[in-house]
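Structure first, commentary second.
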Amino acid sequence: MVTLEIFSDYICPWCYFCTMRVARLQSSFDIEIEYRQFPLHPETPESGLTLEELFAGRNLDVPAAQARIAQLIAEEGLPYGKRTMTYNSRLAQELAKWAETQVGGQQIHDALFRAYFVDNVNLANIDNLVAIAQRIGLPPAETKRVLVDRSFRESVDTDWQRSRELGISSVPTFVIGDHAIAGAQTYEQLEAFVVSAGARQRESISQQNGRA
């Protein structure tokens, strides 16, 4: 089975933008998805920054950029709220690494993206993260313990180190073996990427099993 690593951050709009394309890819091909955490803005304080503060000095028209992103995300069929802030996502990443070890925990990725991009939730706040985890069925007491104890700190450190070793500087970045493509890829580009690595369509696998 082909393993597709996806390096992303829950505060990255283009990572959120690609989520439905990735879901479609996973439903169509026999692939394993491994989410890797990436430090997009690790210097952001826990209280967050306004988008104007984040992009200060970059000669960016923030309202215009936001309007464009909102339009593209809406065209993708995803909800998008009035995002005004960015937050430190480190604890959210640690939550995700733990959630992946729990039954049903894979839902955490969509839950975190939507909490931030739809509801503008501060992902650095432990109580907020506990509430997000509880909505997908994870036990609140254990979730809080994992976050307070920083139980999955090393797991995130490992992902960050891997991104440095691979020379990844932007997200989303999609990796299969020694090959990588970066940026908000079209579905067709993602499909070609996994097919070139030998991924098989689920329908063809089912047909072969039926003839066996």
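Labeling convention for the structure tokens: chains A, B, ... as they appear, residues from 1 per chain, ligands from 1 in order of appearance.
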Distance query Trp14 of chain A at most 12 Å, only C-alpha atoms, self and fewer than 2 positions along chain excluded, as a PyMOL selection string: chain A and resi 7-12+16-21+40+68-70+72-73+76+78+113+117+170-173+182-186
Let's see if you can do this: from backbone DSSP, list all strand (DSSP E) residues in segment 1-183 of chain A, as a VMD selection string. chain A and resid 2 to 8 31 to 37 49 to 50 85 to 86 173 to 176 179 to 182
How would the residues just picked look written out with C-alpha atoms as a PDB file, in the first residue's frame?
```pdb
ATOM      1  CA  VAL A   2       1.209   3.496  -0.842  1.00  0.00           C
ATOM      2  CA  THR A   3       1.738   5.790   2.150  1.00  0.00           C
ATOM      3  CA  LEU A   4       1.056   9.473   1.565  1.00  0.00           C
ATOM      4  CA  GLU A   5       2.523  11.796   4.178  1.00  0.00           C
ATOM      5  CA  ILE A   6       0.814  15.165   4.472  1.00  0.00           C
ATOM      6  CA  PHE A   7       2.753  17.915   6.215  1.00  0.00           C
ATOM      7  CA  SER A   8       0.363  20.591   7.408  1.00  0.00           C
ATOM      8  CA  ILE A  31      -3.543   4.537   0.221  1.00  0.00           C
ATOM      9  CA  GLU A  32      -2.581   5.176   3.811  1.00  0.00           C
ATOM     10  CA  ILE A  33      -2.583   8.803   4.957  1.00  0.00           C
ATOM     11  CA  GLU A  34      -0.064   9.876   7.590  1.00  0.00           C
ATOM     12  CA  TYR A  35      -0.479  13.405   8.902  1.00  0.00           C
ATOM     13  CA  ARG A  36       2.758  15.141   9.813  1.00  0.00           C
ATOM     14  CA  GLN A  37       2.772  18.297  11.890  1.00  0.00           C
ATOM     15  CA  LEU A  49      -2.068  37.690  16.744  1.00  0.00           C
ATOM     16  CA  THR A  50      -4.418  39.567  14.489  1.00  0.00           C
ATOM     17  CA  MET A  85      -6.743  35.945  14.309  1.00  0.00           C
ATOM     18  CA  THR A  86      -4.004  33.366  14.107  1.00  0.00           C
ATOM     19  CA  THR A 173       3.446  19.354   1.299  1.00  0.00           C
ATOM     20  CA  PHE A 174       2.642  15.845   0.101  1.00  0.00           C
ATOM     21  CA  VAL A 175       5.361  13.201   0.344  1.00  0.00           C
ATOM     22  CA  ILE A 176       5.635   9.648  -0.974  1.00  0.00           C
ATOM     23  CA  HIS A 179       9.172  12.468  -3.854  1.00  0.00           C
ATOM     24  CA  ALA A 180       7.281  15.555  -2.733  1.00  0.00           C
ATOM     25  CA  ILE A 181       4.914  18.164  -4.121  1.00  0.00           C
ATOM     26  CA  ALA A 182       4.107  21.378  -2.279  1.00  0.00           C
TER      27      ALA A 182
END
```
For segment 103-126 of chain A versus segment 145-150 of chain A, which residues have an atom no more than 12 Å away, and what is each residue's nearest atom pair and distance in Å rounded to one decimal, using only C-alpha atoms, chain-then-number order, as a tab-separated table?
```
residue	atom	partner	partner_atom	distance
A:Leu123	CA	A:Leu147	CA	11.9
A:Ala124	CA	A:Leu147	CA	10.4
A:Asn125	CA	A:Leu147	CA	10.0
A:Ile126	CA	A:Leu147	CA	7.0
```
Leaving out segment 42-44 of chain A and any residue of its chain fewer than 5 positions from it, which residues lie within 9 Å of it when counting only C-alpha atoms, given as a count of residues only? 7
Between A:Pro79, A:Gly198, A:Pro45, A:Pro63, which residue has the minimum interatomic distance to Arg114 of chain A, considering only C-alpha atoms?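 Distance minimum relative to Arg114 of chain A lands on A:Pro79.
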How many Å separate atom CA of Asp127 of chain A from atom CA of Phe38 of chain A?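 So the answer is 22.6 Å.
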Close residues, Arg135 of chain A itself excluded, 12 Å, only C-alpha atoms, min 3 positions apart in chain, as a PDB file with C-alpha atoms, in the first residue's frame:
```pdb
ATOM      1  CA  GLY A 104     -12.184   7.375  15.966  1.00  0.00           C
ATOM      2  CA  GLY A 105      -9.394   9.828  16.601  1.00  0.00           C
ATOM      3  CA  GLN A 107     -11.651  12.839  12.966  1.00  0.00           C
ATOM      4  CA  ILE A 108      -9.549  15.276  14.982  1.00  0.00           C
ATOM      5  CA  ASP A 110     -11.166  18.004  10.357  1.00  0.00           C
ATOM      6  CA  ALA A 111     -12.415  19.029  13.802  1.00  0.00           C
ATOM      7  CA  LEU A 112      -9.373  21.236  14.438  1.00  0.00           C
ATOM      8  CA  ALA A 115     -12.778  24.942  14.860  1.00  0.00           C
ATOM      9  CA  ASN A 128     -10.993  24.769  23.808  1.00  0.00           C
ATOM     10  CA  LEU A 129      -9.006  21.739  22.697  1.00  0.00           C
ATOM     11  CA  VAL A 130     -10.704  19.510  25.260  1.00  0.00           C
ATOM     12  CA  ALA A 131     -14.092  20.654  23.941  1.00  0.00           C
ATOM     13  CA  ILE A 132     -13.067  19.958  20.338  1.00  0.00           C
ATOM     14  CA  LEU A 138     -12.664  11.543  23.076  1.00  0.00           C
ATOM     15  CA  PRO A 139     -12.804  11.533  26.898  1.00  0.00           C
ATOM     16  CA  PRO A 140     -12.331  15.062  28.302  1.00  0.00           C
ATOM     17  CA  THR A 143      -7.598  14.693  26.820  1.00  0.00           C
TER      18      THR A 143
END
```
Taking only C-alpha atoms into account, name the residue in A:Ile168, A:Ala56, A:Met1, A:Ala96 that is nearest to Ala197 of chain A.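 Result for the nearest residue to Ala197 of chain A: A:Met1.
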Identify which of the residues A:Thr84, A:Gln189, A:Asp178, A:Asp30 lies closest to Glu52 of chain A, counting only C-alpha atoms when measuring atom-to-atom distances.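 The shortest atom-to-atom distance to Glu52 of chain A comes from A:Thr84.
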Go through A:Cys15, A:Val22, A:Thr101, A:Ser27 one by one, measure the shortest atom-to-atom distance of each to Tyr187 of chain A using only C-alpha atoms, and give the residue with the smallest value. A:Val22
